[in-house]
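Peer 1: As input, take start22.cif (mmCIF, C-alpha atoms, pLDDT in the B column; chains and numbers go by the auth columns):
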data_upload
#
loop_
_atom_site.group_PDB
_atom_site.id
_atom_site.type_symbol
_atom_site.label_atom_id
_atom_site.label_comp_id
_atom_site.label_asym_id
_atom_site.label_seq_id
_atom_site.Cartn_x
_atom_site.Cartn_y
_atom_site.Cartn_z
_atom_site.B_iso_or_equiv
_atom_site.auth_seq_id
_atom_site.auth_asym_id
ATOM 1 C CA MET A 1 69.377 34.286 144.709 45.00 1 K
ATOM 2 C CA GLN A 2 70.426 37.566 146.220 46.00 2 K
ATOM 3 C CA LEU A 3 70.922 38.620 149.802 53.00 3 K
ATOM 4 C CA CYS A 4 70.244 42.269 149.461 50.00 4 K
ATOM 5 C CA GLY A 5 69.058 44.891 147.132 42.00 5 K
ATOM 6 C CA GLU A 6 66.801 47.862 147.062 40.00 6 K
ATOM 7 C CA GLN A 7 63.810 46.496 148.963 36.00 7 K
ATOM 8 C CA LYS A 8 64.542 42.886 148.123 40.00 8 K
ATOM 9 C CA LEU A 9 65.987 40.606 150.797 43.00 9 K
ATOM 10 C CA CYS A 10 67.194 43.591 152.760 41.00 10 K
ATOM 11 C CA GLY A 11 63.721 44.995 153.183 40.00 11 K
ATOM 12 C CA GLU A 12 63.783 48.762 153.685 39.00 12 K
ATOM 13 C CA GLN A 13 67.542 49.092 153.426 41.00 13 K
ATOM 14 C CA LYS A 14 68.306 51.506 150.587 37.00 14 K
ATOM 15 C CA ILE A 15 71.418 50.025 149.042 36.00 15 K
ATOM 16 C CA PRO A 16 72.226 51.241 145.494 31.00 16 K
ATOM 17 C CA HIS A 17 70.825 48.947 142.846 30.00 17 K
ATOM 18 C CA PRO A 18 72.825 45.720 143.135 31.00 18 K
ATOM 19 C CA LEU A 19 72.746 42.438 141.263 28.00 19 K
ATOM 20 C CA GLN A 20 69.545 41.711 139.430 27.00 20 K
ATOM 21 C CA ARG A 21 70.268 37.990 139.252 29.00 21 K
ATOM 22 C CA HIS A 22 69.834 35.170 141.730 33.00 22 K
ATOM 23 C CA SER A 23 67.093 36.951 143.630 52.00 23 K
ATOM 24 C CA ILE A 24 64.032 35.009 144.647 67.00 24 K
ATOM 25 C CA ARG A 25 61.915 35.291 141.551 67.00 25 K
ATOM 26 C CA HIS A 26 58.160 35.479 141.671 74.00 26 K
ATOM 27 C CA SER A 27 56.636 32.021 141.469 75.00 27 K
ATOM 28 C CA ALA A 28 53.776 30.015 142.881 76.00 28 K
ATOM 29 C CA ASP A 29 55.609 29.953 146.223 75.00 29 K
ATOM 30 C CA ARG A 30 54.311 32.352 148.836 79.00 30 K
ATOM 31 C CA TRP A 31 57.133 33.572 151.040 80.00 31 K
ATOM 32 C CA GLU A 32 56.347 34.519 154.614 85.00 32 K
ATOM 33 C CA GLY A 33 57.035 38.205 155.137 86.00 33 K
ATOM 34 C CA ALA A 34 56.656 39.102 151.463 81.00 34 K
ATOM 35 C CA ARG A 35 55.089 42.458 150.903 81.00 35 K
ATOM 36 C CA VAL A 36 51.438 42.565 149.941 83.00 36 K
ATOM 37 C CA GLU A 37 52.261 45.142 147.282 82.00 37 K
ATOM 38 C CA GLN A 38 55.076 43.915 145.040 78.00 38 K
ATOM 39 C CA THR A 39 56.510 46.719 142.909 80.00 39 K
ATOM 40 C CA ASP A 40 59.315 44.654 141.385 77.00 40 K
ATOM 41 C CA LYS A 41 58.008 42.585 138.482 77.00 41 K
ATOM 42 C CA SER A 42 60.771 39.990 138.708 71.00 42 K
ATOM 43 C CA PHE A 43 61.846 39.577 142.319 72.00 43 K
ATOM 44 C CA VAL A 44 60.100 39.079 145.640 76.00 44 K
ATOM 45 C CA GLN A 45 60.199 42.034 148.041 79.00 45 K
ATOM 46 C CA PHE A 46 60.084 41.534 151.802 82.00 46 K
ATOM 47 C CA GLU A 47 58.746 43.576 154.686 84.00 47 K
ATOM 48 C CA SER A 48 62.061 43.568 156.557 85.00 48 K
ATOM 49 C CA MET A 49 65.631 42.337 156.477 84.00 49 K
ATOM 50 C CA ALA A 50 64.721 39.659 159.011 88.00 50 K
ATOM 51 C CA TYR A 51 62.170 38.155 156.660 88.00 51 K
ATOM 52 C CA GLY A 52 64.686 38.346 153.851 85.00 52 K
ATOM 53 C CA TYR A 53 67.167 36.369 155.921 90.00 53 K
ATOM 54 C CA ARG A 54 64.391 33.955 156.872 91.00 54 K
ATOM 55 C CA ALA A 55 64.094 33.196 153.167 88.00 55 K
ATOM 56 C CA ALA A 56 67.873 32.803 152.902 89.00 56 K
ATOM 57 C CA TRP A 57 67.923 30.289 155.778 93.00 57 K
ATOM 58 C CA LYS A 58 65.068 28.383 154.152 92.00 58 K
ATOM 59 C CA VAL A 59 66.999 28.278 150.898 89.00 59 K
ATOM 60 C CA LEU A 60 70.065 26.892 152.699 94.00 60 K
ATOM 61 C CA GLU A 61 67.873 24.223 154.297 95.00 61 K
ATOM 62 C CA SER A 62 66.503 23.298 150.867 94.00 62 K
ATOM 63 C CA TYR A 63 70.078 23.052 149.589 95.00 63 K
ATOM 64 C CA TRP A 64 70.956 20.700 152.460 96.00 64 K
ATOM 65 C CA LYS A 65 68.060 18.429 151.502 96.00 65 K
ATOM 66 C CA HIS A 66 69.037 18.603 147.824 96.00 66 K
ATOM 67 C CA PHE A 67 72.633 17.582 148.495 97.00 67 K
ATOM 68 C CA LYS A 68 71.521 14.837 150.845 97.00 68 K
ATOM 69 C CA GLU A 69 69.342 13.351 148.092 97.00 69 K
ATOM 70 C CA LYS A 70 72.256 13.609 145.678 96.00 70 K
ATOM 71 C CA ARG A 71 74.578 12.132 148.313 97.00 71 K
ATOM 72 C CA GLU A 72 76.777 15.188 148.035 97.00 72 K
ATOM 73 C CA PRO A 73 78.278 17.094 150.983 97.00 73 K
ATOM 74 C CA PHE A 74 76.817 20.353 152.260 97.00 74 K
ATOM 75 C CA THR A 75 79.861 22.552 151.678 97.00 75 K
ATOM 76 C CA VAL A 76 80.663 26.111 150.649 97.00 76 K
ATOM 77 C CA GLU A 77 81.736 24.954 147.194 97.00 77 K
ATOM 78 C CA ASN A 78 78.498 23.099 146.579 97.00 78 K
ATOM 79 C CA ILE A 79 76.324 25.809 148.119 95.00 79 K
ATOM 80 C CA ILE A 80 77.835 28.607 146.034 94.00 80 K
ATOM 81 C CA GLY A 81 77.843 26.392 142.956 94.00 81 K
ATOM 82 C CA ARG A 82 74.078 26.178 143.278 91.00 82 K
ATOM 83 C CA TRP A 83 73.544 29.746 144.513 88.00 83 K
ATOM 84 C CA ALA A 84 75.672 31.380 141.809 86.00 84 K
ATOM 85 C CA PRO A 85 75.978 28.785 139.003 88.00 85 K
ATOM 86 C CA PRO A 86 78.792 28.943 136.423 91.00 86 K
ATOM 87 C CA SER A 87 76.276 29.627 133.659 89.00 87 K
ATOM 88 C CA GLU A 88 75.955 33.188 134.968 78.00 88 K
ATOM 89 C CA ASN A 89 78.912 33.699 137.303 82.00 89 K
ATOM 90 C CA ASP A 90 82.602 33.191 137.836 89.00 90 K
ATOM 91 C CA THR A 91 81.677 30.686 140.515 92.00 91 K
ATOM 92 C CA GLU A 92 85.245 29.679 141.328 93.00 92 K
ATOM 93 C CA ALA A 93 86.200 33.287 142.076 90.00 93 K
ATOM 94 C CA TYR A 94 83.048 33.723 144.145 91.00 94 K
ATOM 95 C CA VAL A 95 83.914 30.622 146.176 94.00 95 K
ATOM 96 C CA ARG A 96 87.526 31.713 146.710 92.00 96 K
ATOM 97 C CA THR A 97 86.394 35.072 148.032 90.00 97 K
ATOM 98 C CA ILE A 98 83.799 33.535 150.346 93.00 98 K
ATOM 99 C CA LEU A 99 86.442 31.166 151.728 94.00 99 K
ATOM 100 C CA ARG A 100 88.867 34.007 152.359 91.00 100 K
ATOM 101 C CA LEU A 101 86.217 36.119 154.066 91.00 101 K
ATOM 102 C CA THR A 102 84.854 33.352 156.292 93.00 102 K
ATOM 103 C CA GLY A 103 87.934 31.239 156.943 92.00 103 K
ATOM 104 C CA LEU A 104 85.899 28.148 156.060 95.00 104 K
ATOM 105 C CA GLY A 105 87.243 25.303 153.950 95.00 105 K
ATOM 106 C CA GLY A 106 85.810 24.703 150.516 95.00 106 K
ATOM 107 C CA GLN A 107 84.998 21.067 151.258 95.00 107 K
ATOM 108 C CA GLU A 108 84.398 21.567 154.967 96.00 108 K
ATOM 109 C CA ARG A 109 81.108 19.891 155.833 96.00 109 K
ATOM 110 C CA LEU A 110 78.684 22.422 157.268 97.00 110 K
ATOM 111 C CA PRO A 111 75.869 21.665 159.707 95.00 111 K
ATOM 112 C CA ARG A 112 72.260 21.354 158.668 96.00 112 K
ATOM 113 C CA PRO A 113 70.581 24.755 159.284 94.00 113 K
ATOM 114 C CA PHE A 114 67.504 23.186 160.883 92.00 114 K
ATOM 115 C CA MET A 115 69.543 21.540 163.637 91.00 115 K
ATOM 116 C CA GLY A 116 70.536 24.819 165.276 86.00 116 K
ATOM 117 C CA ILE A 117 74.136 23.809 166.041 85.00 117 K
ATOM 118 C CA ALA A 118 77.436 25.422 164.986 85.00 118 K
ATOM 119 C CA LEU A 119 75.389 28.214 163.473 92.00 119 K
ATOM 120 C CA ASP A 120 78.260 30.692 163.557 92.00 120 K
ATOM 121 C CA LYS A 121 79.695 28.986 160.450 94.00 121 K
ATOM 122 C CA LEU A 122 76.480 29.358 158.482 95.00 122 K
ATOM 123 C CA GLY A 123 76.005 32.850 159.887 94.00 123 K
ATOM 124 C CA ARG A 124 79.438 33.864 158.597 94.00 124 K
ATOM 125 C CA LEU A 125 78.555 32.319 155.245 95.00 125 K
ATOM 126 C CA LEU A 126 75.378 34.386 154.958 93.00 126 K
ATOM 127 C CA MET A 127 77.237 37.493 156.089 91.00 127 K
ATOM 128 C CA ALA A 128 79.949 36.953 153.472 91.00 128 K
ATOM 129 C CA MET A 129 77.348 36.362 150.781 88.00 129 K
ATOM 130 C CA THR A 130 75.651 39.610 151.819 85.00 130 K
ATOM 131 C CA VAL A 131 78.992 41.417 151.515 83.00 131 K
ATOM 132 C CA MET A 132 79.487 39.955 148.051 82.00 132 K
ATOM 133 C CA GLU A 133 75.977 40.691 146.835 75.00 133 K
ATOM 134 C CA CYS A 134 75.601 44.147 148.380 73.00 134 K
ATOM 135 C CA GLY A 135 79.144 45.448 148.125 73.00 135 K
ATOM 136 C CA ILE A 136 79.290 46.558 151.738 74.00 136 K
ATOM 137 C CA ALA A 137 81.739 45.973 154.577 76.00 137 K
ATOM 138 C CA TYR A 138 80.733 43.163 156.903 76.00 138 K
ATOM 139 C CA GLN A 139 80.451 45.674 159.757 81.00 139 K
ATOM 140 C CA GLU A 140 77.462 47.118 157.895 82.00 140 K
ATOM 141 C CA VAL A 141 75.630 43.790 157.760 84.00 141 K
ATOM 142 C CA ASP A 142 72.839 43.562 160.328 87.00 142 K
ATOM 143 C CA GLU A 143 73.886 40.508 162.362 90.00 143 K
ATOM 144 C CA GLN A 144 70.771 40.747 164.494 91.00 144 K
ATOM 145 C CA ALA A 145 68.613 40.460 161.369 90.00 145 K
ATOM 146 C CA ILE A 146 70.475 37.277 160.399 92.00 146 K
ATOM 147 C CA TRP A 147 69.531 35.646 163.721 93.00 147 K
ATOM 148 C CA GLU A 148 66.018 37.074 163.702 93.00 148 K
ATOM 149 C CA GLY A 149 65.648 35.535 160.262 93.00 149 K
ATOM 150 C CA TYR A 150 66.848 32.205 161.610 94.00 150 K
ATOM 151 C CA ASP A 151 64.326 32.289 164.452 94.00 151 K
ATOM 152 C CA LEU A 152 61.564 33.069 161.981 95.00 152 K
ATOM 153 C CA ALA A 153 62.664 30.171 159.787 94.00 153 K
ATOM 154 C CA PHE A 154 63.178 27.615 162.570 94.00 154 K
ATOM 155 C CA PRO A 155 61.450 28.739 165.789 94.00 155 K
ATOM 156 C CA GLY A 156 63.057 27.409 168.951 90.00 156 K
ATOM 157 C CA LYS A 157 65.935 25.662 167.201 91.00 157 K
ATOM 158 C CA ARG A 158 68.537 27.994 168.709 88.00 158 K
ATOM 159 C CA GLN A 159 67.513 26.866 172.187 85.00 159 K
ATOM 160 C CA ASP A 160 68.791 23.860 174.077 80.00 160 K
ATOM 161 C CA ARG A 161 66.559 21.293 175.774 81.00 161 K
ATOM 162 C CA LYS A 162 66.174 23.561 178.793 80.00 162 K
ATOM 163 C CA GLY A 163 65.019 26.431 176.635 80.00 163 K
ATOM 164 C CA ARG A 164 68.259 28.372 176.971 81.00 164 K
ATOM 165 C CA LEU A 165 69.565 30.206 173.938 81.00 165 K
ATOM 166 C CA ARG A 166 72.655 28.519 172.537 77.00 166 K
ATOM 167 C CA SER A 167 75.568 30.919 172.436 68.00 167 K
ATOM 168 C CA THR A 168 76.978 31.867 169.065 74.00 168 K
ATOM 169 C CA LYS A 169 80.245 33.579 168.326 79.00 169 K
ATOM 170 C CA PRO A 170 80.117 37.132 166.950 84.00 170 K
ATOM 171 C CA LEU A 171 80.053 37.037 163.164 87.00 171 K
ATOM 172 C CA VAL A 172 83.391 38.461 162.047 86.00 172 K
ATOM 173 C CA LEU A 173 84.880 38.179 158.583 88.00 173 K
ATOM 174 C CA GLN A 174 88.501 38.442 157.494 81.00 174 K
ATOM 175 C CA PRO A 175 89.459 41.745 155.804 70.00 175 K
ATOM 176 C CA VAL A 176 91.282 40.204 152.860 58.00 176 K
ATOM 177 C CA PRO A 177 91.837 41.655 149.367 55.00 177 K
ATOM 178 C CA LEU A 178 89.333 40.757 146.709 51.00 178 K
ATOM 179 C CA PRO A 179 91.003 38.387 144.230 48.00 179 K
ATOM 180 C CA GLU A 180 92.064 40.090 141.012 48.00 180 K
ATOM 181 C CA ALA A 181 90.459 37.320 139.002 41.00 181 K
ATOM 182 C CA PHE A 182 87.102 38.074 140.562 45.00 182 K
ATOM 183 C CA GLU A 183 87.252 41.778 139.715 48.00 183 K
ATOM 184 C CA LYS A 184 88.347 40.969 136.161 45.00 184 K
ATOM 185 C CA ALA A 185 85.546 38.465 135.719 40.00 185 K
ATOM 186 C CA TYR A 186 82.919 41.168 136.233 42.00 186 K
ATOM 187 C CA GLN A 187 84.546 44.346 135.007 44.00 187 K
ATOM 188 C CA ASP A 188 82.710 44.261 131.671 36.00 188 K
ATOM 189 C CA TRP A 189 79.346 43.157 133.086 32.00 189 K
ATOM 190 C CA ASP A 190 77.545 46.488 133.298 33.00 190 K
ATOM 191 C CA GLU A 191 74.248 44.818 134.056 34.00 191 K
ATOM 192 C CA TYR A 192 75.881 42.684 136.757 34.00 192 K
ATOM 193 C CA PHE A 193 77.235 45.388 139.029 34.00 193 K
ATOM 194 C CA LEU A 194 79.491 44.034 141.746 37.00 194 K
ATOM 195 C CA TRP A 195 81.228 46.122 144.402 35.00 195 K
ATOM 196 C CA SER A 196 84.541 45.297 146.023 34.00 196 K
ATOM 197 C CA PRO A 197 84.040 44.946 149.779 36.00 197 K
ATOM 198 C CA MET A 198 87.685 45.927 150.246 33.00 198 K
ATOM 199 C CA ALA A 199 86.905 49.419 148.969 31.00 199 K
ATOM 200 C CA HIS A 200 84.969 49.983 152.175 31.00 200 K
ATOM 201 C CA TRP A 201 87.660 48.548 154.409 31.00 201 K
ATOM 202 C CA GLU A 202 90.359 50.645 152.740 31.00 202 K
ATOM 203 C CA ASP A 203 88.295 53.767 153.287 29.00 203 K
ATOM 204 C CA GLY A 204 88.059 52.872 156.984 29.00 204 K
#
Before we go any further, please render this structure as structure tokens.

Peer 2:
Amino acid sequence: MQLCGEQKLCGEQKIPHPLQRHSIRHSADRWEGARVEQTDKSFVQFESMAYGYRAAWKVLESYWKHFKEKREPFTVENIIGRWAPPSENDTEAYVRTILRLTGLGGQERLPRPFMGIALDKLGRLLMAMTVMECGIAYQEVDEQAIWEGYDLAFPGKRQDRKGRLRSTKPLVLQPVPLPEAFEKAYQDWDEYFLWSPMAHWEDG
């Protein structure tokens, strides 16, 4: 699964060719917002970033159901373990970086996406995963697209019983150094190009 890429989950956003793993691969599933003309033979392309994030929210909801069936908690460690499995990633380093960026705890139980409560935690998680996948500073992540994607995935769930939009905190990540172990884990993976988000922060 991948949160951005040249015309993948980030729609029209022209980010230099990022990871070619963990994207939504073509399958029998028909994703809402997928382009009619698919020019990538392996991965689904979307019409906009909002539809890409819709898919991401749907994936998180499917993870919640999976962990519930397994009687396992819906946590950052379990989410990333499934999103970026150890068979193809340094998952532990990925998790450590996500925790540092978001301020979340590794075994902190997160809310079910469908419920529409405490969404700032899941929003920060998606933002941090976008930073990791795209190699951009969090200030460059389109927060509005994250929430538009949520509303496309779960219409009306961000509203209370009176139809008022539940307030969410601005999505802000912590500007912390990328762990050395994480950089080392990928330095020889030419086909798995990963950018350090700190490079953007250091450049201002």

Peer 1: Select, from K:Ile79, K:Ala28, K:Ile117, K:Ala55, the residue with the minimum atom-to-atom distance to Leu165 in chain K, counting all atoms listed in the file.

Peer 2: K:Ile117

Peer 1: Give me, as number ranges by chain, all polymer residues having an atom no more than 9 Å from Asp120 in chain K, counting all atoms listed in the file and skipping those fewer than 6 positions away in the same chain.

Peer 2: K: 168-171

Peer 1: Could you check how far CA of Arg124 in chain K sits from CA of Ser48 in chain K, in Å to one decimal?

Peer 2: 20.0 Å

Peer 1: Which neighbours of range 30-39 of chain K fall inside 8 Å, counting all atoms listed in the file, when residues of the same chain fewer than 4 positions from it are skipped, and could you give them as a list in words?

Peer 2: Val44, Gln45, Phe46, Glu47, Ser48, Tyr51, Gly52 and Ala55 of chain K

Peer 1: Quick check, in Å to one decimal: how far apart do CA of Tyr138 in chain K and CA of Phe43 in chain K lie?

Peer 2: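 Here the two named atoms are 24.1 Å from each other.
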
Peer 1: Using Å and a single decimal, report how far CA of Ala128 in chain K sits from CA of Arg96 in chain K.

Peer 2: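 If I compute the distance from CA of Arg96 in chain K to CA of Ala128 in chain K, I get 11.4 Å.
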
Peer 1: Neighbours of Gly149 in chain K within 10 Å (all atoms listed in the file; same-chain residues fewer than 3 positions away dropped), as a PyMOL selection string?

Peer 2: chain K and resi 48-58+143-146+152-155

Peer 1: Store the residues picked out above, limited to C-alpha atoms, as a PDB file, in the coordinates of the input.

Peer 2:
ATOM      1  CA  SER K  48      62.061  43.568 156.557  1.00 85.00           C
ATOM      2  CA  MET K  49      65.631  42.337 156.477  1.00 84.00           C
ATOM      3  CA  ALA K  50      64.721  39.659 159.011  1.00 88.00           C
ATOM      4  CA  TYR K  51      62.170  38.155 156.660  1.00 88.00           C
ATOM      5  CA  GLY K  52      64.686  38.346 153.851  1.00 85.00           C
ATOM      6  CA  TYR K  53      67.167  36.369 155.921  1.00 90.00           C
ATOM      7  CA  ARG K  54      64.391  33.955 156.872  1.00 91.00           C
ATOM      8  CA  ALA K  55      64.094  33.196 153.167  1.00 88.00           C
ATOM      9  CA  ALA K  56      67.873  32.803 152.902  1.00 89.00           C
ATOM     10  CA  TRP K  57      67.923  30.289 155.778  1.00 93.00           C
ATOM     11  CA  LYS K  58      65.068  28.383 154.152  1.00 92.00           C
ATOM     12  CA  GLU K 143      73.886  40.508 162.362  1.00 90.00           C
ATOM     13  CA  GLN K 144      70.771  40.747 164.494  1.00 91.00           C
ATOM     14  CA  ALA K 145      68.613  40.460 161.369  1.00 90.00           C
ATOM     15  CA  ILE K 146      70.475  37.277 160.399  1.00 92.00           C
ATOM     16  CA  LEU K 152      61.564  33.069 161.981  1.00 95.00           C
ATOM     17  CA  ALA K 153      62.664  30.171 159.787  1.00 94.00           C
ATOM     18  CA  PHE K 154      63.178  27.615 162.570  1.00 94.00           C
ATOM     19  CA  PRO K 155      61.450  28.739 165.789  1.00 94.00           C
TER      20      PRO K 155
END

Peer 1: Might you spell out which residues the PyMOL selection byres ((chain K and resi 101) around 10) would select in the displayed file, as a CSV table (one decimal) with C-alpha atoms, in the coordinates of the input?

Peer 2:
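The resulting file, selection_31.csv, is shown below:
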chain,number,residue,atom,x,y,z
K,95,VAL,CA,83.9,30.6,146.2
K,96,ARG,CA,87.5,31.7,146.7
K,97,THR,CA,86.4,35.1,148.0
K,98,ILE,CA,83.8,33.5,150.3
K,99,LEU,CA,86.4,31.2,151.7
K,100,ARG,CA,88.9,34.0,152.4
K,102,THR,CA,84.9,33.4,156.3
K,103,GLY,CA,87.9,31.2,156.9
K,104,LEU,CA,85.9,28.1,156.1
K,124,ARG,CA,79.4,33.9,158.6
K,125,LEU,CA,78.6,32.3,155.2
K,127,MET,CA,77.2,37.5,156.1
K,128,ALA,CA,79.9,37.0,153.5
K,129,MET,CA,77.3,36.4,150.8
K,131,VAL,CA,79.0,41.4,151.5
K,132,MET,CA,79.5,40.0,148.1
K,138,TYR,CA,80.7,43.2,156.9
K,172,VAL,CA,83.4,38.5,162.0
K,173,LEU,CA,84.9,38.2,158.6
K,174,GLN,CA,88.5,38.4,157.5
K,175,PRO,CA,89.5,41.7,155.8
K,176,VAL,CA,91.3,40.2,152.9
K,177,PRO,CA,91.8,41.7,149.4
K,178,LEU,CA,89.3,40.8,146.7

Peer 1: Select range 126-155 of chain K in the preceding structure and write C-alpha atoms to a file as a tab-separated table (two decimals), in the first residue's frame.

Peer 2:
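Contents of the output file part.tsv:
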chain	number	residue	atom	x	y	z
K	126	LEU	CA	-2.17	8.96	7.49
K	127	MET	CA	-0.22	12.20	7.26
K	128	ALA	CA	2.89	10.56	8.71
K	129	MET	CA	2.53	7.61	6.36
K	130	THR	CA	2.27	10.06	3.45
K	131	VAL	CA	5.47	11.76	4.64
K	132	MET	CA	7.21	8.39	4.80
K	133	GLU	CA	5.97	7.17	1.44
K	134	CYS	CA	6.36	10.43	-0.48
K	135	GLY	CA	9.44	11.88	1.17
K	136	ILE	CA	7.86	15.28	1.73
K	137	ALA	CA	7.50	17.55	4.75
K	138	TYR	CA	4.17	17.23	6.51
K	139	GLN	CA	3.40	20.86	5.65
K	140	GLU	CA	3.21	19.73	2.02
K	141	VAL	CA	0.58	17.09	2.73
K	142	ASP	CA	-2.90	18.19	1.68
K	143	GLU	CA	-4.82	17.96	4.97
K	144	GLN	CA	-8.05	18.97	3.26
K	145	ALA	CA	-7.72	16.00	0.90
K	146	ILE	CA	-7.35	13.68	3.90
K	147	TRP	CA	-10.71	14.85	5.29
K	148	GLU	CA	-12.36	14.95	1.88
K	149	GLY	CA	-11.24	11.35	1.48
K	150	TYR	CA	-12.77	10.49	4.83
K	151	ASP	CA	-16.10	12.05	3.87
K	152	LEU	CA	-16.08	10.10	0.62
K	153	ALA	CA	-15.35	6.89	2.51
K	154	PHE	CA	-17.84	7.42	5.34
K	155	PRO	CA	-20.40	10.10	4.43
